[in-house]
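File shown here: final-v2.txt, holding compact mmCIF, C-alpha atoms.
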```
# COMPACT_ATOMS: atom_id res chain seq x y z
CA MET A 1 27.33 -12.41 -14.63
CA GLY A 2 24.08 -13.05 -16.49
CA ALA A 3 22.02 -13.45 -13.32
CA GLU A 4 23.57 -10.35 -11.77
CA ILE A 5 22.79 -8.25 -14.85
CA ASP A 6 19.25 -9.64 -15.00
CA GLY A 7 18.81 -8.55 -11.40
CA ILE A 8 19.99 -5.00 -12.08
CA VAL A 9 17.72 -4.65 -15.11
CA ALA A 10 14.81 -6.21 -13.23
CA GLN A 11 15.11 -3.71 -10.40
CA ALA A 12 15.01 -0.83 -12.90
CA LEU A 13 11.96 -2.37 -14.58
CA ARG A 14 10.21 -2.85 -11.24
CA GLU A 15 10.83 0.75 -10.22
CA SER A 16 9.41 1.93 -13.56
CA GLY A 17 6.24 -0.13 -13.10
CA LYS A 18 7.01 -2.86 -15.65
CA LEU A 19 6.30 -5.64 -13.22
CA ARG A 20 5.71 -8.50 -15.64
CA ASP A 21 9.04 -7.99 -17.40
CA ALA A 22 10.81 -7.54 -14.06
CA ARG A 23 9.31 -10.73 -12.69
CA GLU A 24 10.42 -12.77 -15.71
CA LEU A 25 14.00 -11.57 -15.34
CA LEU A 26 14.03 -12.21 -11.59
CA ASP A 27 12.66 -15.71 -12.03
CA ARG A 28 15.35 -16.38 -14.63
CA ALA A 29 18.09 -14.96 -12.44
CA LEU A 30 17.04 -17.01 -9.40
CA ALA A 31 16.86 -20.18 -11.50
CA SER A 32 20.32 -19.52 -12.95
CA THR A 33 23.33 -21.62 -11.97
CA ASP A 34 25.55 -18.51 -12.03
CA PRO A 35 27.64 -18.22 -8.84
CA LEU A 36 26.05 -15.54 -6.68
CA ARG A 37 27.01 -14.37 -3.21
CA ALA A 38 24.37 -14.75 -0.51
CA ASP A 39 23.70 -11.00 -0.48
CA GLN A 40 23.30 -10.91 -4.27
CA ARG A 41 20.74 -13.72 -4.23
CA ALA A 42 18.99 -12.03 -1.31
CA ILE A 43 18.60 -8.82 -3.33
CA LEU A 44 16.99 -10.81 -6.17
CA GLU A 45 14.54 -12.31 -3.68
CA LEU A 46 13.94 -8.88 -2.17
CA ASN A 47 12.94 -7.48 -5.56
CA LEU A 48 10.71 -10.44 -6.36
CA GLY A 49 9.06 -10.16 -2.95
CA SER A 50 8.46 -6.47 -3.57
CA ILE A 51 6.55 -7.34 -6.74
CA GLU A 52 4.47 -9.93 -4.90
CA LEU A 53 3.63 -7.36 -2.23
CA ALA A 54 2.62 -4.74 -4.81
CA ILE A 55 0.22 -7.14 -6.56
CA GLY A 56 -1.44 -8.18 -3.30
CA HIS A 57 0.30 -11.48 -2.61
CA GLY A 58 1.60 -10.80 0.88
CA ALA A 59 2.05 -14.46 1.77
CA ALA A 60 4.35 -15.05 -1.20
CA ALA A 61 6.17 -11.80 -0.44
CA THR A 62 6.73 -12.89 3.16
CA THR A 63 8.30 -16.14 1.99
CA MET A 64 10.68 -14.27 -0.31
CA PHE A 65 11.65 -11.65 2.26
CA GLN A 66 12.17 -14.23 5.01
CA ARG A 67 14.31 -16.40 2.75
CA ALA A 68 16.41 -13.39 1.78
CA ARG A 69 16.76 -12.31 5.41
CA ASP A 70 17.92 -15.79 6.41
CA ARG A 71 20.60 -15.69 3.69
CA VAL A 72 21.97 -12.40 5.00
CA ILE A 73 22.00 -13.68 8.59
CA GLY A 74 23.83 -16.80 7.43
CA ALA A 75 26.44 -14.69 5.67
CA TYR A 76 26.94 -11.82 8.13
CA GLY A 77 25.34 -12.75 11.47
CA ASP A 78 22.11 -11.65 13.10
CA ARG A 79 23.26 -8.14 14.09
CA HIS A 80 24.35 -6.89 10.68
CA PRO A 81 22.59 -3.62 9.71
CA ASP A 82 21.62 -5.01 6.28
CA ILE A 83 19.08 -7.21 8.08
CA ALA A 84 17.06 -4.05 8.72
CA ILE A 85 16.27 -3.84 5.00
CA TYR A 86 14.49 -7.18 5.20
CA ASP A 87 12.86 -6.39 8.55
CA ASP A 88 11.30 -3.29 6.96
CA LYS A 89 10.01 -5.35 4.04
CA LEU A 90 8.61 -8.01 6.35
CA ALA A 91 6.96 -5.23 8.34
CA ALA A 92 5.35 -3.94 5.13
CA THR A 93 3.88 -7.37 4.39
CA ALA A 94 2.67 -7.75 7.97
CA THR A 95 0.96 -4.36 7.69
CA ALA A 96 -0.63 -5.34 4.38
CA ARG A 97 -2.04 -8.47 6.01
CA GLY A 98 -3.38 -6.58 9.03
CA ASN A 99 -0.78 -7.85 11.52
CA ILE A 100 0.06 -4.52 13.12
CA ARG A 101 1.76 -5.84 16.27
CA ASP A 102 4.07 -8.03 14.20
CA ALA A 103 4.90 -5.11 11.92
CA LEU A 104 5.73 -2.76 14.80
CA ALA A 105 7.95 -5.40 16.40
CA LEU A 106 9.91 -5.80 13.15
CA GLU A 107 10.24 -2.03 12.81
CA ARG A 108 11.59 -1.76 16.36
CA GLU A 109 14.20 -4.36 15.50
CA SER A 110 15.08 -2.58 12.28
CA LEU A 111 15.43 0.75 14.06
CA GLU A 112 17.67 -0.77 16.74
CA LEU A 113 19.97 -2.35 14.15
CA ARG A 114 20.29 0.87 12.18
CA MET A 115 20.76 3.14 15.18
CA THR A 116 23.43 0.83 16.60
CA ALA A 117 25.32 0.82 13.31
CA PHE A 118 24.76 4.36 12.03
CA GLY A 119 23.25 6.51 14.78
CA ASP A 120 19.82 8.10 15.00
CA ASP A 121 20.44 10.70 12.27
CA ASP A 122 21.33 8.49 9.30
CA ARG A 123 19.39 8.12 6.06
CA ALA A 124 18.93 4.40 6.77
CA THR A 125 17.17 5.26 10.03
CA ALA A 126 14.86 7.59 8.10
CA THR A 127 13.75 4.65 5.95
CA THR A 128 12.58 2.74 9.00
CA TYR A 129 10.78 5.79 10.39
CA LEU A 130 8.93 6.05 7.07
CA GLN A 131 7.92 2.39 7.09
CA ARG A 132 6.82 2.56 10.72
CA ALA A 133 4.72 5.62 9.93
CA ARG A 134 2.93 3.69 7.18
CA THR A 135 2.10 0.95 9.68
CA GLU A 136 0.88 3.51 12.22
CA LEU A 137 -1.27 5.17 9.56
CA GLU A 138 -2.87 1.83 8.68
CA ALA A 139 -3.62 1.34 12.38
CA GLY A 140 -5.22 4.79 12.61
CA GLU A 141 -2.44 6.11 14.88
CA LEU A 142 -2.17 9.41 13.07
CA ASP A 143 -0.23 11.39 15.68
CA THR A 144 2.61 8.88 15.91
CA ALA A 145 2.64 8.49 12.12
CA ASP A 146 2.96 12.25 11.74
CA THR A 147 5.84 12.33 14.25
CA ASP A 148 7.75 9.54 12.51
CA LEU A 149 7.24 11.10 9.09
CA HIS A 150 8.63 14.43 10.27
CA ARG A 151 11.60 12.61 11.81
CA ALA A 152 12.25 10.91 8.48
CA ARG A 153 11.83 14.17 6.59
CA ASP A 154 14.22 16.08 8.85
CA ILE A 155 16.90 13.43 8.41
CA ARG A 156 16.56 13.25 4.63
CA THR A 157 16.53 17.03 4.35
CA ARG A 158 19.84 17.23 6.22
CA VAL A 159 21.36 14.41 4.17
CA PHE A 160 19.99 15.10 0.67
CA GLY A 161 18.88 18.73 0.72
CA GLU A 162 15.58 20.60 0.72
CA ARG A 163 14.69 19.80 -2.90
CA SER A 164 15.64 16.13 -2.93
CA PRO A 165 13.23 13.72 -4.66
CA ARG A 166 13.72 11.49 -1.61
CA LEU A 167 11.39 13.86 0.26
CA GLY A 168 8.52 13.27 -2.17
CA GLU A 169 7.35 9.92 -0.79
CA ILE A 170 7.40 11.34 2.74
CA ASP A 171 5.27 14.34 1.76
CA ALA A 172 2.87 11.96 0.00
CA ALA A 173 2.58 9.94 3.21
CA LEU A 174 2.00 13.16 5.17
CA GLY A 175 -0.79 13.85 2.68
CA ASP A 176 -2.27 10.45 3.49
CA VAL A 177 -2.22 11.33 7.19
CA ALA A 178 -3.96 14.64 6.46
CA THR A 179 -6.60 12.82 4.38
CA ALA A 180 -7.21 10.39 7.23
CA ARG A 181 -7.71 13.37 9.55
CA GLY A 182 -10.20 14.90 7.12
CA ASP A 183 -7.91 17.88 6.43
CA PHE A 184 -8.29 17.71 2.67
CA ALA A 185 -6.86 21.17 1.97
CA ALA A 186 -3.59 20.24 3.69
CA ALA A 187 -3.60 16.85 1.94
CA LYS A 188 -3.90 18.39 -1.53
CA THR A 189 -1.09 20.83 -0.77
CA LEU A 190 1.15 17.98 0.38
CA TYR A 191 0.37 15.83 -2.67
CA VAL A 192 1.19 18.70 -5.02
CA GLN A 193 4.41 19.33 -3.10
CA ALA A 194 5.29 15.62 -3.24
CA HIS A 195 4.80 15.47 -7.00
CA ASP A 196 6.82 18.66 -7.43
CA LEU A 197 9.71 16.99 -5.60
CA ASP A 198 9.39 13.62 -7.35
CA ALA A 199 7.40 13.58 -10.59
CA ARG A 200 7.62 9.77 -10.70
CA LEU A 201 5.08 9.49 -7.89
CA GLU A 202 1.59 8.47 -9.04
CA LEU A 203 -0.74 10.48 -6.84
CA THR A 204 -3.84 10.89 -8.99
CA ALA A 205 -6.06 8.55 -6.97
CA ARG A 206 -4.92 10.02 -3.67
CA MET A 207 -5.65 13.52 -4.96
CA TRP A 208 -9.17 12.39 -5.84
CA PHE A 209 -9.78 10.99 -2.36
CA ALA A 210 -8.63 14.31 -0.89
CA THR A 211 -11.11 16.45 -2.81
CA VAL A 212 -14.87 16.78 -2.65
CA ASP A 213 -15.66 17.58 -6.27
CA GLY A 214 -12.86 15.68 -8.02
CA LYS A 215 -12.04 18.64 -10.25
CA VAL A 216 -8.35 18.63 -9.38
CA VAL A 217 -7.96 15.27 -11.14
CA SER A 218 -7.96 14.76 -14.88
CA LEU A 219 -9.65 11.68 -16.31
CA ASP A 220 -6.78 11.36 -18.77
CA ALA A 221 -4.39 10.80 -15.84
CA ILE A 222 -5.86 7.34 -15.22
CA PRO A 223 -5.81 5.11 -18.32
CA THR A 224 -8.40 2.39 -18.64
CA LEU A 225 -7.64 -1.27 -18.00
CA ALA A 226 -5.34 -2.75 -20.65
CA PRO A 227 -5.58 -6.39 -21.81
CA GLY A 228 -3.24 -8.60 -19.78
CA GLU A 229 -2.19 -5.74 -17.55
CA THR A 230 -0.46 -6.68 -14.28
CA LEU A 231 -2.55 -5.09 -11.56
CA THR A 232 -1.24 -3.66 -8.31
CA VAL A 233 -3.28 -2.49 -5.34
CA ASP A 234 -2.57 1.13 -6.31
CA ARG A 235 -3.61 0.52 -9.93
CA VAL A 236 -6.93 -1.10 -8.98
CA THR A 237 -7.60 1.80 -6.61
CA ALA A 238 -6.92 4.18 -9.49
CA LEU A 239 -9.39 2.26 -11.68
CA TYR A 240 -12.00 2.69 -8.94
CA VAL A 241 -11.38 6.45 -9.06
CA ARG A 242 -11.67 6.42 -12.86
CA ALA A 243 -15.01 4.60 -12.66
CA ASN A 244 -16.34 7.21 -10.23
CA MET A 245 -15.15 10.05 -12.44
CA LEU A 246 -16.78 8.48 -15.50
CA LEU A 247 -20.07 8.21 -13.64
CA ALA A 248 -19.87 11.77 -12.35
CA GLN A 249 -18.99 13.21 -15.77
CA LEU A 250 -21.40 10.99 -17.72
CA VAL A 251 -18.56 9.86 -19.99
CA PRO A 252 -19.67 7.02 -22.28
CA GLU A 253 -17.41 4.12 -21.40
CA ASP A 254 -18.24 0.57 -20.46
CA ILE A 255 -17.56 0.72 -16.75
CA MET A 256 -19.08 -2.71 -16.32
CA GLN A 257 -16.51 -4.17 -18.69
CA VAL A 258 -13.65 -2.70 -16.63
CA ALA A 259 -15.28 -3.98 -13.42
CA TYR A 260 -15.67 -7.41 -14.96
CA GLY A 261 -12.02 -7.43 -16.09
CA VAL A 262 -10.81 -6.44 -12.64
CA GLY A 263 -13.10 -8.96 -10.96
CA GLN A 264 -11.70 -11.75 -13.13
CA ARG A 265 -8.33 -11.24 -11.41
CA TRP A 266 -9.81 -12.05 -8.00
CA SER A 267 -7.95 -14.51 -5.79
CA ALA A 268 -8.84 -15.72 -2.31
CA ASP A 269 -5.11 -15.46 -1.54
CA PHE A 270 -5.02 -11.69 -1.97
CA ASP A 271 -4.22 -9.33 0.88
CA PRO A 272 -7.23 -7.45 2.30
CA ALA A 273 -6.29 -4.17 0.59
CA MET A 274 -6.39 -5.78 -2.87
CA MET A 275 -9.69 -7.47 -2.04
CA VAL A 276 -11.20 -4.13 -1.02
CA ALA A 277 -9.84 -2.39 -4.12
CA ILE A 278 -11.37 -5.03 -6.42
CA ALA A 279 -14.69 -5.00 -4.55
CA ARG A 280 -14.93 -1.22 -4.90
CA VAL A 281 -14.50 -1.42 -8.67
CA GLU A 282 -17.08 -4.21 -8.87
CA TYR A 283 -19.54 -2.20 -6.78
CA GLY A 284 -19.12 0.86 -9.02
CA GLY A 285 -19.49 -1.29 -12.14
CA GLY A 286 -22.78 -2.82 -11.00
CA TYR A 287 -21.53 -6.21 -9.83
CA ARG A 288 -22.99 -5.65 -6.38
CA ASP A 289 -23.36 -9.31 -5.30
CA LYS A 290 -19.73 -10.07 -6.12
CA ALA A 291 -18.66 -6.86 -4.43
CA ALA A 292 -20.50 -7.86 -1.25
CA ASP A 293 -18.81 -11.27 -1.20
CA HIS A 294 -15.41 -9.74 -1.79
CA PHE A 295 -15.86 -7.03 0.86
CA ALA A 296 -16.87 -9.81 3.26
CA ALA A 297 -13.81 -11.86 2.31
CA ALA A 298 -11.55 -8.87 2.95
CA LEU A 299 -13.19 -8.32 6.33
CA ALA A 300 -12.73 -11.97 7.28
CA ARG A 301 -9.08 -11.91 6.19
CA SER A 302 -8.23 -8.68 8.03
CA GLY A 303 -7.40 -10.26 11.38
CA ASP A 304 -8.34 -9.06 14.84
CA GLU A 305 -6.44 -5.75 14.97
CA PRO A 306 -8.29 -2.58 13.86
CA THR A 307 -6.99 -1.18 10.58
CA ARG A 308 -8.16 1.32 7.99
CA THR A 309 -8.40 -1.45 5.39
CA GLN A 310 -10.65 -3.43 7.72
CA LEU A 311 -12.80 -0.30 8.10
CA ASP A 312 -12.98 0.12 4.31
CA ALA A 313 -14.11 -3.50 3.96
CA ALA A 314 -16.82 -3.14 6.61
CA SER A 315 -18.02 0.19 5.19
CA GLY A 316 -18.14 -1.25 1.67
CA LEU A 317 -20.15 -4.29 2.72
CA ALA A 318 -22.51 -2.13 4.79
CA GLN A 319 -23.52 -0.24 1.63
CA CYS A 320 -24.41 -3.41 -0.29
CA ASP A 321 -27.93 -4.80 -0.54
CA ASP A 322 -26.94 -7.83 1.49
CA LYS A 323 -28.12 -9.49 4.68
CA ARG A 324 -24.63 -9.01 6.14
CA ALA A 325 -24.81 -5.24 5.70
CA PRO A 326 -26.27 -4.17 9.08
CA GLN A 327 -23.68 -6.15 11.02
CA ALA A 328 -20.95 -4.74 8.76
CA ALA A 329 -22.15 -1.22 9.59
CA ARG A 330 -21.96 -2.00 13.30
CA THR A 331 -18.47 -3.39 12.78
CA ALA A 332 -17.51 -0.17 11.02
CA ILE A 333 -18.75 1.91 13.96
CA SER A 334 -16.73 -0.28 16.34
CA LEU A 335 -13.63 0.23 14.19
CA TYR A 336 -14.15 4.00 14.17
CA GLN A 337 -14.32 3.87 17.97
CA ALA A 338 -11.11 1.81 18.08
CA MET A 339 -9.36 4.40 15.86
CA PRO A 340 -10.53 7.73 17.34
CA GLN A 341 -8.00 9.85 15.44
CA LEU A 342 -9.69 9.10 12.09
CA ALA A 343 -11.98 11.82 10.74
CA ARG A 344 -15.71 11.32 11.23
CA THR A 345 -16.68 11.93 7.62
CA ALA A 346 -19.97 11.39 5.78
CA THR A 347 -19.13 7.68 5.72
CA TYR A 348 -19.24 7.61 9.51
CA ALA A 349 -22.67 9.25 9.52
CA LEU A 350 -23.86 6.73 6.95
CA MET A 351 -22.55 3.83 9.04
CA LEU A 352 -24.45 5.15 12.07
CA LYS A 353 -27.63 5.25 10.01
CA LEU A 354 -27.15 1.81 8.44
CA SER A 355 -26.23 0.18 11.75
CA LYS A 356 -29.71 0.92 13.02
CA THR A 357 -31.58 -0.73 10.14
```

Spit out the file's structure as structure tokens when you get a sec.
Amino acid sequence: MGAEIDGIVAQALRESGKLRDARELLDRALASTDPLRADQRAILELNLGSIELAIGHGAAATTMFQRARDRVIGAYGDRHPDIAIYDDKLAATATARGNIRDALALERESLELRMTAFGDDDRATATTYLQRARTELEAGELDTADTDLHRARDIRTRVFGERSPRLGEIDAALGDVATARGDFAAAKTLYVQAHDLDARLELTARMWFATVDGKVVSLDAIPTLAPGETLTVDRVTALYVRANMLLAQLVPEDIMQVAYGVGQRWSADFDPAMMVAIARVEYGGGYRDKAADHFAAALARSGDEPTRTQLDAASGLAQCDDKRAPQAARTAISLYQAMPQLARTATYALMLKLSKT
């Protein structure tokens, strides 16, 4: 019973953002000799893999999710609908690592399992539509992402009601699609709507990216880096936003110290999105040489399929005072061309200019 209880508490801690405490409990539960069914142990591994994914360790997450999936197949067979849970998670890690084709294949399998078991109008099917939309968004396929998100929203609205918190994450994702299109007014409306539905959602950084002047975001909404803090991709992105706000508002705070603290967490094993997030903070904090190396590492690790993270890495490197910058700018232009549905913002104009130097 001890391992089972640890798992329940750990999941609650993970969902509340207390990742270090959750990880300790999950490690203890998995090391326990308590008798656990295959599905119970798989859920523990699912939660631990989710933490690894959040902190940018996609390879470790993949191992956990695959191990958990294999346990469920061993217990119930390879056509059980529960396998779709693990397919969706494996798709999320594939997306994080830039493997779009692999992610879409897993999402097709997940959708088939869930439709066969529950039909095309079940809440489980909505979950796969949401995950597939996130993959499509990362690949710059905004129209298909928008379609899948509205499918997911329609299903959840019928199942849970028009004011369900379960709609919040979908509206936030629709806001991300609007941001990628350059429709910032629609994005801000969707983010506000998402937070109104589910106040647990942390949308401050996304709100900042969807506004020109940053005035809709309060500096107090993003606390500074705490000693020993467990960093996620979203948290490092938020610290990048905080650094930019501090610079814009001339607030006296040691941005370089935050950038140094974030940079100290660097690992060559990180997923590209975490690498880009760290490099952005380093660039803003004045560690331009390190930022250039880390943007380059993210670009090299992004694979051969065009993604928005790969574009962010190329655009970041192109703005560094580095001999690799002109080629990075040309790479960015090529990625824009490969993802024509993305907005041609000021960054695109800058890449055109830098690619000619």

Dump as a tab-separated table the rows for residues of stretch 263-297 of chain A within 8 Å of stretch 78-97 of chain A: closest atom pair and distance in Å with one decimal, all atoms listed in the file counted, ordered by chain and rising residue number.
```
residue	atom	partner	partner_atom	distance
A:Asp271	CA	A:Arg97	CA	5.6
A:Pro272	CA	A:Arg97	CA	6.5
A:Ala273	CA	A:Ala96	CA	6.9
```

Review point. Pick from A:Arg308, A:Asn99, A:Asn47, A:Thr125: nearest to A:Leu113, with all atoms listed in the file counted?
Key: A:Thr125

Practice item. Rank A:Arg158, A:Arg153, A:Arg14, A:Lys290 by their smallest atom-to-atom distance to A:Ala194, using all atoms listed in the file, and report the top residue only. Key: A:Arg153

Extending 3 Å beyond the listed atoms of stretch 60-65 of chain A on each side, what axis-aligned box results? I want centre and edge lengths in Å to one decimal, as AutoDock Vina command-line options.
```
--center_x 8.0 --center_y -13.9 --center_z 1.0 --size_x 13.3 --size_y 10.5 --size_z 10.4
```

Check your understanding: atom CA of A:Gly263 and atom CA of A:Gln310 are how many Å apart?
Key -> 19.6 Å

Please determine the residues with any atom at most 10 Å from (-2.7, 2.6, -7.2) (coordinates as given in the file, with all atoms listed in the file counting) and report them as a tab-separated table (two decimals) with C-alpha atoms, keeping the file's coordinate frame.
```
chain	number	residue	atom	x	y	z
A	54	ALA	CA	2.62	-4.74	-4.81
A	202	GLU	CA	1.59	8.47	-9.04
A	203	LEU	CA	-0.74	10.48	-6.84
A	204	THR	CA	-3.84	10.89	-8.99
A	205	ALA	CA	-6.06	8.55	-6.97
A	206	ARG	CA	-4.92	10.02	-3.67
A	222	ILE	CA	-5.86	7.34	-15.22
A	231	LEU	CA	-2.55	-5.09	-11.56
A	232	THR	CA	-1.24	-3.66	-8.31
A	233	VAL	CA	-3.28	-2.49	-5.34
A	234	ASP	CA	-2.57	1.13	-6.31
A	235	ARG	CA	-3.61	0.52	-9.93
A	236	VAL	CA	-6.93	-1.10	-8.98
A	237	THR	CA	-7.60	1.80	-6.61
A	238	ALA	CA	-6.92	4.18	-9.49
A	239	LEU	CA	-9.39	2.26	-11.68
A	240	TYR	CA	-12.00	2.69	-8.94
A	241	VAL	CA	-11.38	6.45	-9.06
A	277	ALA	CA	-9.84	-2.39	-4.12
```

Is there a way to get, as a PDB file with C-alpha atoms, in the coordinates of the input, all residues within 12 Å of the point (24.5, -17.7, -14.2) in file coordinates, counting only C-alpha atoms?
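The resulting out19.pdb:
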```pdb
ATOM      1  CA  MET A   1      27.330 -12.410 -14.630  1.00  0.00           C
ATOM      2  CA  GLY A   2      24.080 -13.050 -16.490  1.00  0.00           C
ATOM      3  CA  ALA A   3      22.020 -13.450 -13.320  1.00  0.00           C
ATOM      4  CA  GLU A   4      23.570 -10.350 -11.770  1.00  0.00           C
ATOM      5  CA  ILE A   5      22.790  -8.250 -14.850  1.00  0.00           C
ATOM      6  CA  ASP A   6      19.250  -9.640 -15.000  1.00  0.00           C
ATOM      7  CA  GLY A   7      18.810  -8.550 -11.400  1.00  0.00           C
ATOM      8  CA  ARG A  28      15.350 -16.380 -14.630  1.00  0.00           C
ATOM      9  CA  ALA A  29      18.090 -14.960 -12.440  1.00  0.00           C
ATOM     10  CA  LEU A  30      17.040 -17.010  -9.400  1.00  0.00           C
ATOM     11  CA  ALA A  31      16.860 -20.180 -11.500  1.00  0.00           C
ATOM     12  CA  SER A  32      20.320 -19.520 -12.950  1.00  0.00           C
ATOM     13  CA  THR A  33      23.330 -21.620 -11.970  1.00  0.00           C
ATOM     14  CA  ASP A  34      25.550 -18.510 -12.030  1.00  0.00           C
ATOM     15  CA  PRO A  35      27.640 -18.220  -8.840  1.00  0.00           C
ATOM     16  CA  LEU A  36      26.050 -15.540  -6.680  1.00  0.00           C
ATOM     17  CA  ARG A  37      27.010 -14.370  -3.210  1.00  0.00           C
ATOM     18  CA  ARG A  41      20.740 -13.720  -4.230  1.00  0.00           C
TER      19      ARG A  41
END
```

Exercise for review: Using all atoms listed in the file, determine which residues lie at most 12 Å from A:Gly228, disregarding the query and same-chain residues fewer than 6 positions distant; provide the list as a list of chain:residue names.
Suggested key: A:Leu19, A:Arg20, A:Gly261, A:Val262, A:Gln264, A:Arg265

Limited to C-alpha atoms, could you put the picked residues into a file as a JSON list (two decimals), in the frame of the given file?
```
[["chain", "number", "residue", "atom", "x", "y", "z"],
["A", 19, "LEU", "CA", 6.30, -5.64, -13.22],
["A", 20, "ARG", "CA", 5.71, -8.50, -15.64],
["A", 261, "GLY", "CA", -12.02, -7.43, -16.09],
["A", 262, "VAL", "CA", -10.81, -6.44, -12.64],
["A", 264, "GLN", "CA", -11.70, -11.75, -13.13],
["A", 265, "ARG", "CA", -8.33, -11.24, -11.41]]
```

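If only C-alpha atoms are the atoms counted, then among A:Arg181, A:Arg108, A:Arg163, A:Arg114 the closest residue to A:Asp143 is A:Arg181.
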
Practice item. Quick one: everything within 9 Å of A:Ala59, counting only C-alpha atoms, minus sequence neighbours fewer than 2 positions away in the same chain. Send it as a list in words. Key: Glu52, Leu53, Gly56, His57, Ala61, Thr62, Thr63, Met64, Thr93, Arg97, Asp269, Phe270 and Asp271 of chain A

Limited to C-alpha atoms, could you put the picked residues into a file as a compact mmCIF listing (two decimals), in the coordinates of the input?
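See result-v6.txt below for the written result:
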```txt
# COMPACT_ATOMS: atom_id res chain seq x y z
CA GLU A 52 4.47 -9.93 -4.90
CA LEU A 53 3.63 -7.36 -2.23
CA GLY A 56 -1.44 -8.18 -3.30
CA HIS A 57 0.30 -11.48 -2.61
CA ALA A 61 6.17 -11.80 -0.44
CA THR A 62 6.73 -12.89 3.16
CA THR A 63 8.30 -16.14 1.99
CA MET A 64 10.68 -14.27 -0.31
CA THR A 93 3.88 -7.37 4.39
CA ARG A 97 -2.04 -8.47 6.01
CA ASP A 269 -5.11 -15.46 -1.54
CA PHE A 270 -5.02 -11.69 -1.97
CA ASP A 271 -4.22 -9.33 0.88
```

Exercise for review: Have a look at atom CA of A:Thr144 and atom CA of A:Ala178 and let me know their distance in Å, one decimal.
Suggested key: 12.9 Å

Written-out stretch 218-247 of chain A (C-alpha atoms) as a compact mmCIF listing (two decimals), in the first residue's frame:
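Saved the output as result11.txt:
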```txt
# COMPACT_ATOMS: atom_id res chain seq x y z
CA SER A 218 2.78 42.03 -14.49
CA LEU A 219 6.40 41.58 -13.45
CA ASP A 220 5.17 40.20 -10.13
CA ALA A 221 3.56 37.28 -11.99
CA ILE A 222 6.99 35.79 -12.75
CA PRO A 223 9.11 35.26 -9.62
CA THR A 224 12.87 35.31 -9.96
CA LEU A 225 14.99 32.17 -9.95
CA ALA A 226 15.03 30.47 -6.54
CA PRO A 227 18.07 28.58 -5.19
CA GLY A 228 17.87 24.90 -6.07
CA GLU A 229 14.70 25.37 -8.07
CA THR A 230 13.73 22.54 -10.43
CA LEU A 231 13.47 24.14 -13.85
CA THR A 232 11.02 23.17 -16.57
CA VAL A 233 10.99 24.39 -20.16
CA ASP A 234 8.00 26.61 -19.35
CA ARG A 235 9.72 28.06 -16.27
CA VAL A 236 12.92 28.94 -18.14
CA THR A 237 10.82 30.56 -20.86
CA ALA A 238 9.08 32.60 -18.16
CA LEU A 239 12.47 33.69 -16.78
CA TYR A 240 13.39 34.88 -20.29
CA VAL A 241 10.22 36.99 -20.32
CA ARG A 242 11.05 38.37 -16.87
CA ALA A 243 14.54 39.37 -18.03
CA ASN A 244 13.07 41.22 -21.00
CA MET A 245 10.55 43.00 -18.80
CA LEU A 246 13.27 44.04 -16.36
CA LEU A 247 15.31 45.50 -19.20
```
